[in-house]
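Worksheet: the structure to be examined is printed underneath.
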Amino acid sequence: MVFDEAQTIQDIGIILKAFIDTYPEVQVIATGSSSFDLANKINEPLTGRAFEFTLFPLSLDEIRMAFPDISMKQLNEYLRLGTYPAIVGEADRMIREDLLKNLTTNYLYKDIYTFESIRNPRIFEDLVRLLALQACSLVSVNELSQTLGISRMTVEKYIRLLEQSYVVKVVRSFSRNPRTEIKKAFKVFFYDNGIRNAVIDKLADISDRDDQGVLFENFFVAERLKRASLRDARLGVMFWRSRQGAEIDVIEESEDMISAFECKWNTDITKVRPPAQFMKSYPNAQFHIVTPKILLHSMEDVVSRG
């Protein structure tokens, strides 16, 4: 028995509990695009009775199940239009773009507007555009507050809603030495590149863009978030930055293991080395360089540079 868009059904948690208790032999699936509202309605009544799964846009590993040999041309399209299933499965370029625009316009904020009190939707959408333009960069809540003419509290609330609805992911900085490393800073990444590009109305081919590095880094971070969700929920995805400005794109920490990843779109990777300060502070960390070619082949073959 499947309940689609379950968050729209009044008293859905109580209904599901009664159904499961009455028909224990029946498997029940409840889906909802509004994760925060659905969770609020079902978690308490279904304690001990339910498993929760998060469905992200397709990962490269999932896409490989249908297209084993992903080409650079295909990867460029994923960087440009994202990896929602309907878009990945559509062969026609114009239809792919129309699907993305429709998804962004009609569905992206629907649940937020329905279930949350957004007094000024225009300001909310302006915030999303600013975050899209600042993807992969340090975010200043004060700067966003001043630019939009709203309070810090409202900015933080809106970003939290975007996280809860799986539009963006806030990634914090990694630090064990507050004196030399930034501790409280954060970046915002989009779970889907296509959504990010549609929000700023920038769907040009990758070869004609000046934000190739941003798109590649955002795509890679989203891949790591999907991987952590499916394989090892204990992995923390972060970034590292020193007070002098040295930076590493992605840090993953699991128990005593630290893995660092640096994304390079078109750089000679033989010349790339990890920041000396980072390796001095974390001599046992594994440092990896990620390029489009490496990502296409397999993350198991990431080039390491000690």
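In the structure tokens, each chain is lettered A, B, ... as it comes, each chain's residues begin at 1, and ligands are numbered from 1 in order of appearance.
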Give the strand (DSSP E or B) residues of segment 164-240 of chain A, as assigned by DSSP on the backbone, as number ranges by chain. A: 168-173, 181, 186-190, 236-240
Based on the selection just made, write C-alpha atoms of those residues as a PDB file, in the first residue's frame.
ATOM      1  CA  VAL A 168      20.661  23.091  -0.237  1.00  0.00           C
ATOM      2  CA  LYS A 169      23.146  21.642   2.213  1.00  0.00           C
ATOM      3  CA  VAL A 170      25.030  23.773   4.723  1.00  0.00           C
ATOM      4  CA  VAL A 171      28.599  22.493   5.034  1.00  0.00           C
ATOM      5  CA  ARG A 172      30.605  23.544   8.061  1.00  0.00           C
ATOM      6  CA  SER A 173      34.339  24.057   8.366  1.00  0.00           C
ATOM      7  CA  GLU A 181      41.852  27.466  11.326  1.00  0.00           C
ATOM      8  CA  PHE A 186      30.028  27.684   6.480  1.00  0.00           C
ATOM      9  CA  LYS A 187      29.320  27.207   2.795  1.00  0.00           C
ATOM     10  CA  VAL A 188      26.095  26.365   1.000  1.00  0.00           C
ATOM     11  CA  PHE A 189      25.935  23.705  -1.720  1.00  0.00           C
ATOM     12  CA  PHE A 190      22.974  22.694  -3.866  1.00  0.00           C
ATOM     13  CA  GLY A 236      30.993  14.177   8.124  1.00  0.00           C
ATOM     14  CA  VAL A 237      31.365  16.235   4.922  1.00  0.00           C
ATOM     15  CA  MET A 238      33.143  19.524   5.644  1.00  0.00           C
ATOM     16  CA  PHE A 239      35.743  21.887   4.181  1.00  0.00           C
ATOM     17  CA  TRP A 240      38.996  23.267   5.594  1.00  0.00           C
TER      18      TRP A 240
END
Which residues come within 10 Å of Gln134 of chain A, counting only C-alpha atoms, excluding same-chain residues fewer than 4 positions away, as an NGL selection string? :A and (128-130 or 138-140 or 187-189 or 214)
Selection above as a file: N, CA and C atoms, as a PDB file, in the first residue's frame:
ATOM      1  N   VAL A 128      17.571  32.677  -2.275  1.00  0.00           N
ATOM      2  CA  VAL A 128      18.005  31.462  -2.964  1.00  0.00           C
ATOM      3  C   VAL A 128      18.949  31.820  -4.110  1.00  0.00           C
ATOM      4  N   ARG A 129      18.637  32.891  -4.843  1.00  0.00           N
ATOM      5  CA  ARG A 129      19.517  33.311  -5.945  1.00  0.00           C
ATOM      6  C   ARG A 129      20.891  33.728  -5.423  1.00  0.00           C
ATOM      7  N   LEU A 130      20.910  34.473  -4.332  1.00  0.00           N
ATOM      8  CA  LEU A 130      22.193  34.880  -3.759  1.00  0.00           C
ATOM      9  C   LEU A 130      22.999  33.671  -3.310  1.00  0.00           C
ATOM     10  N   LEU A 138      32.390  31.003   1.010  1.00  0.00           N
ATOM     11  CA  LEU A 138      31.973  31.287   2.379  1.00  0.00           C
ATOM     12  C   LEU A 138      30.746  32.181   2.370  1.00  0.00           C
ATOM     13  N   VAL A 139      29.797  31.878   3.228  1.00  0.00           N
ATOM     14  CA  VAL A 139      28.544  32.628   3.301  1.00  0.00           C
ATOM     15  C   VAL A 139      28.555  33.509   4.541  1.00  0.00           C
ATOM     16  N   SER A 140      28.182  34.771   4.350  1.00  0.00           N
ATOM     17  CA  SER A 140      28.068  35.710   5.458  1.00  0.00           C
ATOM     18  C   SER A 140      26.587  36.007   5.701  1.00  0.00           C
ATOM     19  N   LYS A 187      29.619  27.035   4.209  1.00  0.00           N
ATOM     20  CA  LYS A 187      29.320  27.207   2.795  1.00  0.00           C
ATOM     21  C   LYS A 187      27.962  26.567   2.515  1.00  0.00           C
ATOM     22  N   VAL A 188      27.362  26.959   1.413  1.00  0.00           N
ATOM     23  CA  VAL A 188      26.095  26.365   1.000  1.00  0.00           C
ATOM     24  C   VAL A 188      26.281  25.715  -0.363  1.00  0.00           C
ATOM     25  N   PHE A 189      25.890  24.450  -0.467  1.00  0.00           N
ATOM     26  CA  PHE A 189      25.935  23.705  -1.720  1.00  0.00           C
ATOM     27  C   PHE A 189      24.521  23.277  -2.093  1.00  0.00           C
ATOM     28  N   VAL A 214      33.143  26.035 -10.100  1.00  0.00           N
ATOM     29  CA  VAL A 214      32.087  26.029  -9.091  1.00  0.00           C
ATOM     30  C   VAL A 214      31.129  24.870  -9.336  1.00  0.00           C
TER      31      VAL A 214
END
Counting only C-alpha atoms, figure out which residue out of A:Ile150, A:Ile95, A:Val167, A:Leu55 gets nearest to Lys110 of chain A.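 Counting only C-alpha atoms, the residue closest to Lys110 of chain A is A:Val167.
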Quick one: residues within 10 Å of Leu235 of chain A, only C-alpha atoms, excluding same-chain residues fewer than 6 positions away - as a VMD selection string? chain A and resid 224 to 225 227 to 229 251 to 255 257 to 258
Okay, now the selection with C-alpha atoms, as a PDB file, in the first residue's frame?
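Printed below is out22.pdb as written:
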ATOM      1  CA  ARG A 224      29.885  12.777  -1.500  1.00  0.00           C
ATOM      2  CA  LEU A 225      26.741  13.688   0.442  1.00  0.00           C
ATOM      3  CA  ARG A 227      27.550   8.498  -0.844  1.00  0.00           C
ATOM      4  CA  ALA A 228      27.646   9.267   2.893  1.00  0.00           C
ATOM      5  CA  SER A 229      23.878   8.903   3.111  1.00  0.00           C
ATOM      6  CA  ILE A 251      37.077  17.074   4.253  1.00  0.00           C
ATOM      7  CA  GLU A 252      35.541  13.791   5.370  1.00  0.00           C
ATOM      8  CA  GLU A 253      36.080  12.540   8.903  1.00  0.00           C
ATOM      9  CA  SER A 254      35.097   9.097  10.096  1.00  0.00           C
ATOM     10  CA  GLU A 255      36.345   8.007  13.499  1.00  0.00           C
ATOM     11  CA  MET A 257      40.319   8.781   9.476  1.00  0.00           C
ATOM     12  CA  ILE A 258      40.556  12.153   7.712  1.00  0.00           C
TER      13      ILE A 258
END
Which residues, written as a VMD selection string, have at least one atom at most 10 Å from Thr54 of chain A, with only C-alpha atoms counted and residues fewer than 6 positions away on the same chain left out? chain A and resid 31 33 35 166 226 229 to 230
Who sits within 9 Å of Asp4 of chain A, only C-alpha atoms, same chain under 6 positions skipped, as number ranges by chain: A: 29-32
Long-range neighbours of Val28 of chain A as a list in words, 9 Å cut-off, only C-alpha atoms, 5 positions minimum in chain: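 Non-adjacent residues within range: Met1, Val2, Phe3, Leu16, Phe19 and Ile20 of chain A.
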Distance query Arg64 of chain A at most 10 Å, only C-alpha atoms, self and fewer than 6 positions along chain excluded, as a PyMOL selection string: chain A and resi 58+70+296
For N, CA and C atoms, I'd like the residues from the last selection saved as a short mmCIF file (atom, residue, chain, number, x, y, z; two decimals), in the first residue's frame.
data_model
loop_
_atom_site.label_atom_id
_atom_site.label_comp_id
_atom_site.auth_asym_id
_atom_site.auth_seq_id
_atom_site.Cartn_x
_atom_site.Cartn_y
_atom_site.Cartn_z
N LEU A 58 19.71 11.51 -8.70
CA LEU A 58 20.54 10.34 -9.00
C LEU A 58 22.03 10.62 -8.78
N ILE A 70 29.78 6.54 -18.99
CA ILE A 70 29.38 7.95 -19.04
C ILE A 70 30.47 8.76 -19.72
N LEU A 296 34.64 10.48 -13.53
CA LEU A 296 33.94 9.64 -14.51
C LEU A 296 34.33 8.18 -14.38
#
